[in-house]
Every structure is written in C-alpha cells, then in structure tokens.
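Below: the structure, in structure tokens.
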Amino acid sequence: MLCKRKLQVKFKKLHSDAKTPTKHLDAACFDLYSIQDCFIRPSTAVTVHTGIALEIPIGFAGFIHTRSGMGINHGLRVHLGVIDPDFRGEVSVHIFSHSSNIGTYELLEGDRVAQIFFAPILPVELIEAVELSETVRGENCHGSSGR
C-alpha cells in the first residue's frame with residue numbers, strides 16, 4: 001500500500017540561475033541542475049554548484065546519486081552525497097570522470113547534474129559487545145557471499 005502523505009522538503013534558491021529540482025510523476029528521485037558551465041576531463045573530479053539549499057525534516061536525509069545516463073554513457077560518477085537534516089548550505093555535487101576513452105564531458109548551466117532521493121533515518125543505538133553472533137559468512141569479506 002502506498003503512503004498518501006507527502007514528505008514536505010523546503011528549498012531555497014541561493015542563486016538567480018538556480019532551477020527548482022524536478023521529478024517525473026512516479027520517479028523515486030528529483031533531478032538537480034547545474035548553475036555553471038564546466039568541463040570534466042578524464043580521471044578528474046569537479047564540484048558542481050546547484051544554487052539551492054534544502055530544509056529536510058528531522059528523521060530524514062537526502063541522498064545524492066549519479067544519473068544513470070551520465071554514468072553509462074559518459075563514465076561519470078557522483079560521489080555519494082548525504083544531506084543531513086541540520087545542513088542549510090548549498091547542495092553541491094562532486095563528480096568524477098572514470099572515462100579515459102570517452103574524452104572531456106561538457107556540463108552546461110541548466111543541465112541535470114545528479115539526482116536526490118529522500119529517505120527516513122531510523123534511530124540507532126550502537127552497543128559495544130565482547131562477542132558478536134556467528135553467521136555462515138563469518139569474517140569472509142568482498143565477494144564472499146556469491147557473485
């Protein structure tokens with residue numbers, strides 16, 4: 001059953017060229033837009049400004065991710081960003097080009113640069129223990145649970 005109540009997240013435009021984040025009706029994420037032109041060269045990282053700030057309610061956080069087209073078609077990856085509910089500064093996007101054969105990517109002002117989704121954060125209490133329960137996997141790490 002779908003939740004009928006909508007989470008309300010306030011946003012503020014900090015720059016005259018800032019665009020309102022948008023999403024398609026049933027999409028999980030809102031698109032974020034660049035307020036600058038920049039070139040992303042192979043094997044380099046850039047910080048892209050969106051010109052917006054958010055007021056995320058307590059108990060939730062915003063998570064910034066790569067847009068699939070930028071990742072698949074251009075070898076670009078957004079460094080996962082977490083926007084905490086007490087942060088009121090500008091949302092910026094850190095992008096790295098993993099591509100060595102696609103070349104320089106030109107990002108223009110007004111282009112969609114990343115996507116953000118909002119999710120609840122469960123209250124967690126960390127409890128120090130002398131021993132942890134055993135599992136089949138145990139201490140085996142990377143790739144040990146299968147393909």
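Order determines the names: the first chain of the structure tokens is A, the second B, and so forth; residues in each chain are numbered 1 upward, and ligands are numbered 1 upward as they are shown.
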_Give me, as a ChimeraX atom specification, all polymer residues having an atom no more than 10 Å from Arg88 (chain A), counting only C-alpha atoms and skipping those fewer than 4 positions away in the same chain._
/A:11-12,52-56,83-84
Write out, as a CSV table (one decimal), in the first residue's frame, the residues just selected, with C-alpha atoms.
chain,number,residue,atom,x,y,z
A,11,PHE,CA,14.2,24.5,-0.7
A,12,LYS,CA,15.7,28.0,-1.2
A,52,ILE,CA,19.9,25.6,-3.8
A,53,ALA,CA,19.7,24.8,-0.1
A,54,LEU,CA,17.3,22.3,1.5
A,55,GLU,CA,15.4,22.1,4.8
A,56,ILE,CA,15.0,18.4,5.2
A,83,ILE,CA,22.4,15.8,3.1
A,84,ASP,CA,21.7,15.8,6.8
*Pick from A:Leu107, A:Ala18, A:Ala114, A:Val93: nearest to His65 (chain A), with only C-alpha atoms counted?*
A:Ala114
*Could you check which of A:Pro42, A:Gly51, A:Pro85, A:Gly103 is closest to Pro21 (chain A), using only C-alpha atoms?*
A:Gly51
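Ranking A:Ile40, A:Leu7, A:Val82, A:Val136 by their shortest atom-to-atom distance to Ser97 (chain A), with only C-alpha atoms included, puts A:Ile40 first.
Of the listed residues A:Pro57, A:Gly75, A:Lys13, A:Ser92, the one whose atoms come nearest to Gln115 (chain A) is A:Ser92, with distances taken using only C-alpha atoms.
Put simply, CA of Val78 (chain A) is 12.0 Å away from CA of Leu32 (chain A).
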If you run DSSP on this backbone, which residues of region 3-136 of chain A come out as alpha helix (DSSP H), and could you give them as a compact mmCIF listing (two decimals) with N, CA and C atoms, in the first residue's frame?
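Wrote states-v4.txt, looks like this:
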# COMPACT_ATOMS: atom_id res chain seq x y z
N SER A 68 21.69 7.90 -14.27
CA SER A 68 22.15 6.70 -14.99
C SER A 68 22.74 7.03 -16.36
N GLY A 69 22.17 7.95 -17.09
CA GLY A 69 22.70 8.30 -18.41
C GLY A 69 24.11 8.86 -18.36
N MET A 70 24.40 9.66 -17.35
CA MET A 70 25.75 10.21 -17.20
C MET A 70 26.75 9.11 -16.88
N GLY A 71 26.32 8.15 -16.06
CA GLY A 71 27.21 7.07 -15.69
C GLY A 71 27.46 6.11 -16.83
N ILE A 72 26.40 5.64 -17.45
CA ILE A 72 26.52 4.64 -18.51
C ILE A 72 27.12 5.23 -19.78
N ASN A 73 26.65 6.38 -20.19
CA ASN A 73 27.06 6.95 -21.48
C ASN A 73 28.36 7.75 -21.43
N HIS A 74 28.72 8.27 -20.25
CA HIS A 74 29.85 9.19 -20.19
C HIS A 74 30.90 8.82 -19.14
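The shortest atom-to-atom distance to His49 (chain A), with only C-alpha atoms taken into account, belongs to A:Ile35 out of A:Ile35, A:Val9, A:Leu132, A:Leu14.
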*Using the chain letters and numbers from this document, which residues of region 6-57 of chain A does DSSP assign to strand (DSSP E), as number ranges by chain?*
A: 10-13, 30-33, 38-40, 45-55
Which polymer residues have any atom within 12 Å of an atom of His94 (chain A), counting only C-alpha atoms, with same-chain residues fewer than 5 positions away left out, as a CSV table (one decimal) with C-alpha atoms, in the first residue's frame?
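Saved file result.csv follows:
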chain,number,residue,atom,x,y,z
A,34,SER,CA,23.9,22.9,-12.5
A,40,ILE,CA,35.0,17.3,-16.7
A,44,THR,CA,39.5,14.3,-12.8
A,45,ALA,CA,36.9,15.4,-10.3
A,46,VAL,CA,34.9,18.6,-10.2
A,47,THR,CA,32.5,20.2,-7.7
A,48,VAL,CA,29.3,21.5,-9.4
A,49,HIS,CA,27.0,24.0,-7.7
A,50,THR,CA,23.2,23.7,-7.8
A,64,ILE,CA,22.7,12.4,-4.0
A,65,HIS,CA,23.4,9.8,-6.8
A,66,THR,CA,24.6,9.6,-10.3
A,76,LEU,CA,30.8,9.9,-14.8
A,77,ARG,CA,30.1,9.1,-11.2
A,78,VAL,CA,28.7,11.2,-8.4
A,79,HIS,CA,30.5,10.8,-5.1
A,80,LEU,CA,27.6,9.7,-2.9
A,81,GLY,CA,26.4,12.7,-1.0
A,82,VAL,CA,24.3,12.6,2.2
A,113,VAL,CA,23.8,17.0,-12.9
A,114,ALA,CA,22.6,14.4,-10.4
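The shortest atom-to-atom distance to Glu109 (chain A), with only C-alpha atoms taken into account, belongs to A:Tyr33 out of A:Leu126, A:Phe96, A:Tyr33, A:Gly59.
Reported to one decimal place, the separation of CA of Leu25 (chain A) from CA of Phe63 (chain A) is 19.0 Å.
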